[in-house]
Amino acid sequence: MGLDINTKKAKKNAYRISKARGIGASRIRVPGGYLKAEILGMVQEIAEKYGNGIVHLTTRQGFEIEGIRLEDMDAINEMLQPIIELLDINQQEPGSGYPASGTRNITACIGNNVCPFANYNTSELAKRIEKAVFPNDLHFKIALTGCSNDCGKVRLHDFGIIGMTMPQYDPSRCVSCQACIKGCKSLSVNALRMENYKIIRDEEKCIGCGVCVTKCPTRALTRSKKKYYKLTLMGRAGKKNPRLGEDFLIWTDEDTIVKIILNTYRFVKAYIDPSAPGGKEHIGYIIDRVGFTEYKKWALDGVELLPETKIKDCVYWNGIHFDR
Amino acid sequence: MGYQIPRQKADRLFARLKQNYTIYAPKLFAGDGCFSDTDIIRYGKITDLDEIEWNRRSDYSFKEALLAINEVLFYFTEGETTVPPCPEKKLLIFLRSCDLHAVKRLDTIYLKNGAEDFYYSRLREKARFVLMGCWETCDTGFCASMDTNRSEQYDLYLKLSGSSLWADCKSEELQPYFAEAEGTVCDVQPDSVTENKEKVTLPRKLSVESFQNPIWESYGSRCIGCGRCNFVCPTCTCFTMQDILYRDNANVGERRRVWASCQVDGYTDIAGGNSFRKKQSERLRFRVMHKIYDFEKRFGFPMCVGCGRCDAICPEYISYTNIINQLAKEET
Ligand code: SF4
Ligand code: SF4
Ligand code: SF4
């Protein structure tokens, strides 16, 4: 009997069809790249039982178990089940493997689990977004990073989420040491100055990185209780027009971000080119085609912005054009 | 006299104390630490027994209750100066044994080192101290090595345990509150530790020769001069002066004194642009030797009380205790 594989279904089920006939790879998405070490052992077991013993650490914080035989997909899906459960991946039917792969793994830098610069728990928010968007299969790339250093390279994604904090200043605790001013100047955007021995923050200039807060030795500067984010839009790599994502919302919150992402799925369903190869048209190109104003209308549908949120009326992208 | 007071009655007692005293105690400030989702324990005014952080040593000491970080000394207009009034209410300050020993150091500097400091003295007279027990050692403290692990000099000892408040009241002024509280009279002894994880031996042969010790350079080259070690220390008392001229009228303003740090740039600057201790290694040497040598030479007991806060806060992991122990070891 010949090898009879529905490749579309296999790809959606997170299998790669490789160059070698009959051979594929099993892709394991790890939201936020944050996982219990016991999963490593499970990956190893699958790789040694069904693969060729090699695992690729993907560029999107997943594992790709190489050299599996496509007829073993069902058996592998069984073995993936404990991993899927530990990672809390949305799944309709237990034992059926990953239900979707079009929307890419939501990646995150290590965030405030470890990093002193990070302004929030990136892996927790990555998981929250994972729960909200999957098993959507449209081609979306979402990434999170703890602070404006952007170690997560989120500006290369459709949605880039950058952690911010609004520095809170208690002048009665300030000793005029200027550690904050020096820190902001050398590590960030030079938004602070001293007047009459007290600190003045240029609110237009401040990017909410939190460096000043980490430098203050007396806790005169502390983080805002509310966690803030910058949402950047429609960065991408690719053949035609690679470009960095541009700021859309500054000083926004988690709920708004989740709503906008979900609204964007609706937008894409309405406007995607039905003849796009593999049913995949990149959101950025759809917005290029339809216009930002129309996208913005969809994106902000039912969204109530915080009063402190700054929104860009129009967003323009640059990047390199190979397609002109 | 010792008392066991059931919780409800203790809350009523506390409410009565609150009427006549401003109460300062270590409090957890959630999210106010240096890094995201980290907390800080520092002093603040409290209105309820549950606001007190009973279990962990505070990151910053009690000293800000007696020595404000920013204190206006006087306001001036062209012809006159006005001294701000002293707060009317008395103070009740919760602290641990090491810190109660630090009060003696503050008193020494501000009251017994030449002329009395007017501002310190007027507030100090109003201050009463509530000892909090230590039933186990904190991580970095070395009170047992410094002989500060026990203290008898408290006005009140309080412990919240189970559904009772345990008290030992030594102050006559506070006694009536307890007599009124309808607790059970019993013997209450402050909890104290007899041993710490950190053990420190003070060097005994320091002198000006010690300036040449390479240890200062080896640690000084790691120090970033942030001043945290001074700001958390219960016995650091330095301040600097700031004259503020109001923006709309530069003939009117105020003079403040503000905490200063011997580790931070500017501390030894003098008119003409000179500065005495330019290198971090010199500043670190000054701090360490002041804590365990200079002060003792003058007053007969070391300045450091062994609370261990400077070791716990240093972002560069510079261990003051390790420096001291190394200096002592070199003498043997
Ligand atoms: S949060 Fe703002 S003021 Fe503080 S260091 Fe960053 S840019 Fe500067
Ligand atoms: S670092 Fe803190 S204490 Fe120093 S000048 Fe800035 S706000 Fe004031
Ligand atoms: S806390 Fe550490 S780095 Fe900061 S001044 Fe003190 S010794 Fe230096």
# chains A, B, ... in the order shown; residues from 1 in each chain; ligands from 1
>>> interface_residues(of="chain B", to="chain A", cutoff="9 Å", atoms="only C-alpha atoms", output="NGL selection string")
:B and (30-37 or 40 or 60 or 68-71 or 226-229 or 231-232 or 242-247 or 258-261 or 264-266)
>>> select_by_dssp(residues="range 115-305 of chain A", states="helix (DSSP H, G or I)", output="number ranges by chain")
A: 122-133, 154-156, 171-173, 179-187, 211-215, 254-271, 277-279, 283-290, 292-299
>>> select_by_dssp(residues="range 161-319 of chain B", states="strand (DSSP E)", output="list in words")
Ser161, Ser164, Leu165, Trp166, Ala167, Asp168, Cys169, Thr184, Val185, Phe239, Thr240, Met241, Gln242, Asp243, Ile244, Leu245, Gly253, Glu254, Arg255, Arg256, Arg257, Val258 and Trp259 of chain B
>>> write_last_selection(atoms="N, CA, C and O atoms", output="PDB file, in the first residue's frame")
ATOM      1  N   SER B 161       1.140  36.680  68.537  1.00  0.00           N
ATOM      2  CA  SER B 161       1.322  35.249  68.333  1.00  0.00           C
ATOM      3  C   SER B 161       0.011  34.549  68.604  1.00  0.00           C
ATOM      4  O   SER B 161      -0.627  34.784  69.639  1.00  0.00           O
ATOM      5  N   SER B 164      -3.198  36.093  70.388  1.00  0.00           N
ATOM      6  CA  SER B 164      -2.905  37.014  71.485  1.00  0.00           C
ATOM      7  C   SER B 164      -1.784  37.979  71.155  1.00  0.00           C
ATOM      8  O   SER B 164      -0.917  37.700  70.321  1.00  0.00           O
ATOM      9  N   LEU B 165      -1.834  39.083  71.851  1.00  0.00           N
ATOM     10  CA  LEU B 165      -0.707  40.009  71.849  1.00  0.00           C
ATOM     11  C   LEU B 165      -0.013  39.826  73.193  1.00  0.00           C
ATOM     12  O   LEU B 165      -0.653  39.845  74.240  1.00  0.00           O
ATOM     13  N   TRP B 166       1.297  39.615  73.137  1.00  0.00           N
ATOM     14  CA  TRP B 166       2.071  39.475  74.363  1.00  0.00           C
ATOM     15  C   TRP B 166       2.855  40.760  74.563  1.00  0.00           C
ATOM     16  O   TRP B 166       3.453  41.262  73.612  1.00  0.00           O
ATOM     17  N   ALA B 167       2.854  41.262  75.780  1.00  0.00           N
ATOM     18  CA  ALA B 167       3.493  42.553  76.000  1.00  0.00           C
ATOM     19  C   ALA B 167       4.313  42.537  77.267  1.00  0.00           C
ATOM     20  O   ALA B 167       3.985  41.853  78.238  1.00  0.00           O
ATOM     21  N   ASP B 168       5.410  43.272  77.226  1.00  0.00           N
ATOM     22  CA  ASP B 168       6.123  43.571  78.454  1.00  0.00           C
ATOM     23  C   ASP B 168       6.309  45.076  78.475  1.00  0.00           C
ATOM     24  O   ASP B 168       7.020  45.630  77.635  1.00  0.00           O
ATOM     25  N   CYS B 169       5.641  45.731  79.394  1.00  0.00           N
ATOM     26  CA  CYS B 169       5.656  47.194  79.413  1.00  0.00           C
ATOM     27  C   CYS B 169       6.583  47.687  80.514  1.00  0.00           C
ATOM     28  O   CYS B 169       6.388  47.409  81.687  1.00  0.00           O
ATOM     29  N   THR B 184      -4.230  39.334  80.768  1.00  0.00           N
ATOM     30  CA  THR B 184      -3.817  38.520  81.893  1.00  0.00           C
ATOM     31  C   THR B 184      -2.363  38.869  82.222  1.00  0.00           C
ATOM     32  O   THR B 184      -1.522  38.877  81.322  1.00  0.00           O
ATOM     33  N   VAL B 185      -2.111  39.129  83.465  1.00  0.00           N
ATOM     34  CA  VAL B 185      -0.738  39.440  83.845  1.00  0.00           C
ATOM     35  C   VAL B 185       0.088  38.149  83.822  1.00  0.00           C
ATOM     36  O   VAL B 185      -0.347  37.115  84.330  1.00  0.00           O
ATOM     37  N   PHE B 239      24.269  63.897  56.692  1.00  0.00           N
ATOM     38  CA  PHE B 239      23.338  64.616  55.827  1.00  0.00           C
ATOM     39  C   PHE B 239      24.069  65.733  55.120  1.00  0.00           C
ATOM     40  O   PHE B 239      25.199  66.093  55.467  1.00  0.00           O
ATOM     41  N   THR B 240      23.427  66.265  54.108  1.00  0.00           N
ATOM     42  CA  THR B 240      23.966  67.412  53.395  1.00  0.00           C
ATOM     43  C   THR B 240      22.917  68.517  53.449  1.00  0.00           C
ATOM     44  O   THR B 240      21.771  68.268  53.819  1.00  0.00           O
ATOM     45  N   MET B 241      23.343  69.734  53.120  1.00  0.00           N
ATOM     46  CA  MET B 241      22.411  70.863  53.163  1.00  0.00           C
ATOM     47  C   MET B 241      21.983  71.232  51.758  1.00  0.00           C
ATOM     48  O   MET B 241      22.791  71.217  50.829  1.00  0.00           O
ATOM     49  N   GLN B 242      20.726  71.610  51.627  1.00  0.00           N
ATOM     50  CA  GLN B 242      20.238  72.120  50.342  1.00  0.00           C
ATOM     51  C   GLN B 242      19.445  73.393  50.595  1.00  0.00           C
ATOM     52  O   GLN B 242      18.528  73.388  51.417  1.00  0.00           O
ATOM     53  N   ASP B 243      19.814  74.442  49.891  1.00  0.00           N
ATOM     54  CA  ASP B 243      19.024  75.680  49.961  1.00  0.00           C
ATOM     55  C   ASP B 243      18.165  75.754  48.717  1.00  0.00           C
ATOM     56  O   ASP B 243      18.676  75.720  47.609  1.00  0.00           O
ATOM     57  N   ILE B 244      16.892  75.821  48.934  1.00  0.00           N
ATOM     58  CA  ILE B 244      15.975  75.869  47.803  1.00  0.00           C
ATOM     59  C   ILE B 244      15.393  77.271  47.712  1.00  0.00           C
ATOM     60  O   ILE B 244      14.816  77.775  48.666  1.00  0.00           O
ATOM     61  N   LEU B 245      15.604  77.900  46.567  1.00  0.00           N
ATOM     62  CA  LEU B 245      15.033  79.229  46.337  1.00  0.00           C
ATOM     63  C   LEU B 245      13.792  79.018  45.480  1.00  0.00           C
ATOM     64  O   LEU B 245      13.867  78.392  44.421  1.00  0.00           O
ATOM     65  N   GLY B 253      12.645  81.024  50.354  1.00  0.00           N
ATOM     66  CA  GLY B 253      12.988  79.626  50.120  1.00  0.00           C
ATOM     67  C   GLY B 253      13.057  78.833  51.406  1.00  0.00           C
ATOM     68  O   GLY B 253      12.469  79.220  52.423  1.00  0.00           O
ATOM     69  N   GLU B 254      13.738  77.724  51.351  1.00  0.00           N
ATOM     70  CA  GLU B 254      13.877  76.895  52.536  1.00  0.00           C
ATOM     71  C   GLU B 254      15.249  76.251  52.548  1.00  0.00           C
ATOM     72  O   GLU B 254      15.874  76.056  51.503  1.00  0.00           O
ATOM     73  N   ARG B 255      15.695  75.937  53.735  1.00  0.00           N
ATOM     74  CA  ARG B 255      16.923  75.150  53.869  1.00  0.00           C
ATOM     75  C   ARG B 255      16.525  73.771  54.383  1.00  0.00           C
ATOM     76  O   ARG B 255      15.802  73.641  55.363  1.00  0.00           O
ATOM     77  N   ARG B 256      17.024  72.764  53.660  1.00  0.00           N
ATOM     78  CA  ARG B 256      16.719  71.395  54.064  1.00  0.00           C
ATOM     79  C   ARG B 256      17.993  70.685  54.441  1.00  0.00           C
ATOM     80  O   ARG B 256      19.055  71.011  53.930  1.00  0.00           O
ATOM     81  N   ARG B 257      17.839  69.660  55.264  1.00  0.00           N
ATOM     82  CA  ARG B 257      18.944  68.717  55.321  1.00  0.00           C
ATOM     83  C   ARG B 257      18.445  67.397  54.768  1.00  0.00           C
ATOM     84  O   ARG B 257      17.301  67.008  54.971  1.00  0.00           O
ATOM     85  N   VAL B 258      19.349  66.750  54.041  1.00  0.00           N
ATOM     86  CA  VAL B 258      18.979  65.574  53.267  1.00  0.00           C
ATOM     87  C   VAL B 258      20.041  64.507  53.506  1.00  0.00           C
ATOM     88  O   VAL B 258      21.234  64.824  53.571  1.00  0.00           O
ATOM     89  N   TRP B 259      19.593  63.280  53.652  1.00  0.00           N
ATOM     90  CA  TRP B 259      20.548  62.181  53.852  1.00  0.00           C
ATOM     91  C   TRP B 259      21.680  62.242  52.832  1.00  0.00           C
ATOM     92  O   TRP B 259      21.443  62.468  51.643  1.00  0.00           O
TER      93      TRP B 259
END
>>> closest_residue(among="A:Asp288, A:Asp170, A:Glu130, A:Glu38", to="ligand 2", atoms="only C-alpha atoms and all ligand atoms")
A:Asp170
>>> residues_near_ligand(ligand="ligand 1", cutoff="10 Å", atoms="only C-alpha atoms and all ligand atoms", output="PyMOL selection string")
chain A and resi 147-148+164-168+180-193+199-215+221-223
>>> write_last_selection(atoms="C-alpha atoms", output="PDB file, in the first residue's frame")
ATOM      1  CA  CYS A 147      11.448  45.998  28.388  1.00  0.00           C
ATOM      2  CA  SER A 148      12.502  48.376  25.667  1.00  0.00           C
ATOM      3  CA  MET A 164       6.694  49.407  30.423  1.00  0.00           C
ATOM      4  CA  THR A 165       6.421  50.952  33.848  1.00  0.00           C
ATOM      5  CA  MET A 166       5.354  54.444  34.785  1.00  0.00           C
ATOM      6  CA  PRO A 167       7.946  55.690  37.293  1.00  0.00           C
ATOM      7  CA  GLN A 168       6.382  56.904  40.538  1.00  0.00           C
ATOM      8  CA  CYS A 180      18.398  57.846  38.124  1.00  0.00           C
ATOM      9  CA  ILE A 181      19.503  60.703  35.876  1.00  0.00           C
ATOM     10  CA  LYS A 182      22.817  59.024  35.134  1.00  0.00           C
ATOM     11  CA  GLY A 183      21.095  55.679  34.514  1.00  0.00           C
ATOM     12  CA  CYS A 184      18.514  57.155  32.165  1.00  0.00           C
ATOM     13  CA  LYS A 185      21.197  59.062  30.325  1.00  0.00           C
ATOM     14  CA  SER A 186      23.649  56.225  29.863  1.00  0.00           C
ATOM     15  CA  LEU A 187      21.254  53.294  29.446  1.00  0.00           C
ATOM     16  CA  SER A 188      18.119  54.908  28.096  1.00  0.00           C
ATOM     17  CA  VAL A 189      16.802  58.112  26.547  1.00  0.00           C
ATOM     18  CA  ASN A 190      17.938  60.901  28.903  1.00  0.00           C
ATOM     19  CA  ALA A 191      14.473  61.897  30.056  1.00  0.00           C
ATOM     20  CA  LEU A 192      15.372  63.053  33.569  1.00  0.00           C
ATOM     21  CA  ARG A 193      16.811  66.234  34.973  1.00  0.00           C
ATOM     22  CA  ILE A 199      13.841  65.039  39.720  1.00  0.00           C
ATOM     23  CA  ILE A 200      11.792  66.104  36.731  1.00  0.00           C
ATOM     24  CA  ARG A 201      10.775  63.508  34.181  1.00  0.00           C
ATOM     25  CA  ASP A 202      10.094  64.543  30.618  1.00  0.00           C
ATOM     26  CA  GLU A 203       6.885  62.589  30.119  1.00  0.00           C
ATOM     27  CA  GLU A 204       6.984  62.924  26.345  1.00  0.00           C
ATOM     28  CA  LYS A 205      10.457  61.484  26.157  1.00  0.00           C
ATOM     29  CA  CYS A 206      10.223  58.743  28.786  1.00  0.00           C
ATOM     30  CA  ILE A 207       9.884  55.275  27.291  1.00  0.00           C
ATOM     31  CA  GLY A 208       8.910  53.582  30.561  1.00  0.00           C
ATOM     32  CA  CYS A 209      11.933  51.306  30.592  1.00  0.00           C
ATOM     33  CA  GLY A 210      12.255  51.402  34.397  1.00  0.00           C
ATOM     34  CA  VAL A 211      16.024  51.875  34.512  1.00  0.00           C
ATOM     35  CA  CYS A 212      15.642  54.851  36.882  1.00  0.00           C
ATOM     36  CA  VAL A 213      13.583  52.709  39.267  1.00  0.00           C
ATOM     37  CA  THR A 214      16.263  50.037  39.447  1.00  0.00           C
ATOM     38  CA  LYS A 215      18.951  52.656  40.096  1.00  0.00           C
ATOM     39  CA  LEU A 221      11.403  55.993  42.427  1.00  0.00           C
ATOM     40  CA  THR A 222       9.212  52.926  42.248  1.00  0.00           C
ATOM     41  CA  ARG A 223       7.187  51.107  39.621  1.00  0.00           C
TER      42      ARG A 223
END
>>> residues_near_ligand(ligand="ligand 3", cutoff="8 Å", atoms="only C-alpha atoms and all ligand atoms", output="ChimeraX atom specification")
/B:220,222-230,263-264,280,284,310-311,313-320
>>> residues_around(residues="range 285-296 of chain B", least_positions_apart="3", cutoff="9 Å", atoms="only C-alpha atoms", output="ChimeraX atom specification")
/B:202-204,206-207,211,215-217,220,230,235-236,262-263,277,280-282,299-305,320,323-324
>>> atom_distance(atom1="CA of Leu17 in chain B", atom2="CA of Asp59 in chain B")
25.9 Å
>>> atom_distance(atom1="CA of Asn149 in chain A", atom2="CA of Gly235 in chain A")
16.3 Å
>>> residues_around(residues="Glu124 in chain A", least_positions_apart="3", cutoff="12 Å", atoms="only C-alpha atoms", output="list of chain:residue names")
A:Pro31, A:Gly32, A:Gly33, A:Tyr34, A:Leu35, A:Leu87, A:Asp88, A:Ile106, A:Thr107, A:Ala108, A:Cys109, A:Ile110, A:Gly111, A:Asn112, A:Asn113, A:Tyr120, A:Asn121, A:Lys127, A:Arg128, A:Ile129, A:Glu130, A:Lys131, A:Leu144, A:Thr145, A:Gly146, A:Glu254
>>> write_last_selection(atoms="N, CA and C atoms", output="short mmCIF file (atom, residue, chain, number, x, y, z; two decimals), in the first residue's frame")
data_model
loop_
_atom_site.label_atom_id
_atom_site.label_comp_id
_atom_site.auth_asym_id
_atom_site.auth_seq_id
_atom_site.Cartn_x
_atom_site.Cartn_y
_atom_site.Cartn_z
N PRO A 31 4.77 27.83 24.51
CA PRO A 31 4.41 29.25 24.67
C PRO A 31 5.36 29.96 25.63
N GLY A 32 5.91 31.07 25.17
CA GLY A 32 6.81 31.85 26.02
C GLY A 32 8.15 31.18 26.24
N GLY A 33 8.36 30.01 25.63
CA GLY A 33 9.64 29.32 25.78
C GLY A 33 9.94 28.92 27.21
N TYR A 34 8.90 28.80 28.02
CA TYR A 34 9.09 28.57 29.46
C TYR A 34 8.47 27.23 29.81
N LEU A 35 9.30 26.28 30.22
CA LEU A 35 8.77 24.94 30.39
C LEU A 35 9.40 24.22 31.56
N LEU A 87 1.99 21.89 29.11
CA LEU A 87 2.11 23.25 28.56
C LEU A 87 0.75 23.95 28.50
N ASP A 88 -0.31 23.20 28.83
CA ASP A 88 -1.65 23.78 28.85
C ASP A 88 -2.05 24.36 27.49
N ILE A 106 3.95 31.66 20.40
CA ILE A 106 4.08 32.99 20.98
C ILE A 106 5.35 33.01 21.80
N THR A 107 6.30 33.79 21.36
CA THR A 107 7.62 33.74 21.99
C THR A 107 7.77 34.86 23.01
N ALA A 108 8.71 34.67 23.90
CA ALA A 108 8.96 35.69 24.93
C ALA A 108 10.39 35.61 25.41
N CYS A 109 10.94 36.75 25.76
CA CYS A 109 12.22 36.75 26.46
C CYS A 109 11.96 36.23 27.88
N ILE A 110 12.98 36.06 28.67
CA ILE A 110 12.80 35.45 29.99
C ILE A 110 11.96 36.32 30.93
N GLY A 111 11.96 37.62 30.71
CA GLY A 111 11.07 38.50 31.48
C GLY A 111 11.40 38.56 32.96
N ASN A 112 10.44 39.01 33.74
CA ASN A 112 10.75 39.26 35.16
C ASN A 112 10.79 37.98 36.00
N ASN A 113 10.70 36.82 35.36
CA ASN A 113 11.02 35.60 36.11
C ASN A 113 12.47 35.67 36.59
N TYR A 120 7.56 42.93 33.47
CA TYR A 120 6.41 42.05 33.74
C TYR A 120 6.80 40.60 33.49
N ASN A 121 5.86 39.71 33.81
CA ASN A 121 6.10 38.30 33.62
C ASN A 121 5.70 37.91 32.19
N LYS A 127 1.30 32.92 27.82
CA LYS A 127 0.33 31.83 28.01
C LYS A 127 -1.10 32.35 27.93
N ARG A 128 -1.31 33.54 28.49
CA ARG A 128 -2.66 34.10 28.43
C ARG A 128 -3.07 34.32 26.97
N ILE A 129 -2.16 34.83 26.17
CA ILE A 129 -2.48 35.08 24.76
C ILE A 129 -2.66 33.76 24.02
N GLU A 130 -1.80 32.79 24.31
CA GLU A 130 -1.92 31.44 23.73
C GLU A 130 -3.33 30.90 23.96
N LYS A 131 -3.80 31.02 25.23
CA LYS A 131 -5.14 30.50 25.56
C LYS A 131 -6.20 31.24 24.77
N LEU A 144 6.70 38.66 22.81
CA LEU A 144 6.69 39.52 23.99
C LEU A 144 8.11 39.75 24.49
N THR A 145 8.33 40.94 24.99
CA THR A 145 9.63 41.24 25.56
C THR A 145 9.45 42.09 26.82
N GLY A 146 10.36 41.91 27.77
CA GLY A 146 10.18 42.50 29.11
C GLY A 146 10.34 44.01 29.17
N GLU A 254 -2.95 44.82 29.28
CA GLU A 254 -3.06 43.46 28.74
C GLU A 254 -4.40 43.21 28.06
#
>>> closest_residue(among="A:Met79, A:Leu138, A:Met42, A:Met194", to="ligand 2", atoms="only C-alpha atoms and all ligand atoms")
A:Met194
>>> atom_distance(atom1="CA of Arg96 in chain B", atom2="CA of Pro234 in chain B")
11.2 Å
>>> closest_residue(among="A:Glu281, A:Lys198, A:Val268, A:Ala237", to="ligand 2", atoms="only C-alpha atoms and all ligand atoms")
A:Lys198
>>> residues_around(residues="Ala10 in chain B", least_positions_apart="5", cutoff="12 Å", atoms="only C-alpha atoms", output="ChimeraX atom specification")
/B:3-5,15-17,48-50,158-161,163-167,177-184
>>> residues_around(residues="Leu131 in chain B", least_positions_apart="5", cutoff="8 Å", atoms="only C-alpha atoms", output="PDB file with N, CA and C atoms, in the first residue's frame")
ATOM      1  N   PHE B  94       8.459  50.832  66.348  1.00  0.00           N
ATOM      2  CA  PHE B  94       8.692  49.391  66.463  1.00  0.00           C
ATOM      3  C   PHE B  94      10.067  49.084  65.880  1.00  0.00           C
ATOM      4  N   LEU B  95      10.871  48.330  66.595  1.00  0.00           N
ATOM      5  CA  LEU B  95      12.161  47.941  66.034  1.00  0.00           C
ATOM      6  C   LEU B  95      12.700  46.694  66.723  1.00  0.00           C
ATOM      7  N   ARG B  96      13.735  46.135  66.150  1.00  0.00           N
ATOM      8  CA  ARG B  96      14.348  44.922  66.694  1.00  0.00           C
ATOM      9  C   ARG B  96      15.565  45.303  67.540  1.00  0.00           C
ATOM     10  N   SER B  97      16.112  44.304  68.203  1.00  0.00           N
ATOM     11  CA  SER B  97      17.180  44.569  69.162  1.00  0.00           C
ATOM     12  C   SER B  97      18.373  45.300  68.551  1.00  0.00           C
ATOM     13  N   LEU B 100      17.524  48.851  68.197  1.00  0.00           N
ATOM     14  CA  LEU B 100      17.433  49.574  69.463  1.00  0.00           C
ATOM     15  C   LEU B 100      18.841  49.973  69.928  1.00  0.00           C
ATOM     16  N   TYR B 154      14.069  48.915  76.195  1.00  0.00           N
ATOM     17  CA  TYR B 154      12.814  49.205  75.494  1.00  0.00           C
ATOM     18  C   TYR B 154      11.764  49.790  76.435  1.00  0.00           C
ATOM     19  N   ASP B 155      10.823  50.522  75.857  1.00  0.00           N
ATOM     20  CA  ASP B 155       9.671  51.000  76.612  1.00  0.00           C
ATOM     21  C   ASP B 155       8.616  49.915  76.669  1.00  0.00           C
ATOM     22  N   LEU B 156       8.577  49.168  75.556  1.00  0.00           N
ATOM     23  CA  LEU B 156       7.548  48.152  75.433  1.00  0.00           C
ATOM     24  C   LEU B 156       8.089  47.029  74.578  1.00  0.00           C
ATOM     25  N   TYR B 157       7.745  45.801  74.946  1.00  0.00           N
ATOM     26  CA  TYR B 157       8.033  44.669  74.055  1.00  0.00           C
ATOM     27  C   TYR B 157       6.702  44.130  73.597  1.00  0.00           C
ATOM     28  N   LEU B 158       6.558  43.888  72.306  1.00  0.00           N
ATOM     29  CA  LEU B 158       5.292  43.334  71.814  1.00  0.00           C
ATOM     30  C   LEU B 158       5.558  42.155  70.909  1.00  0.00           C
ATOM     31  N   PRO B 190      11.326  38.921  76.049  1.00  0.00           N
ATOM     32  CA  PRO B 190      11.547  39.112  74.608  1.00  0.00           C
ATOM     33  C   PRO B 190      12.266  37.921  73.973  1.00  0.00           C
TER      34      PRO B 190
END
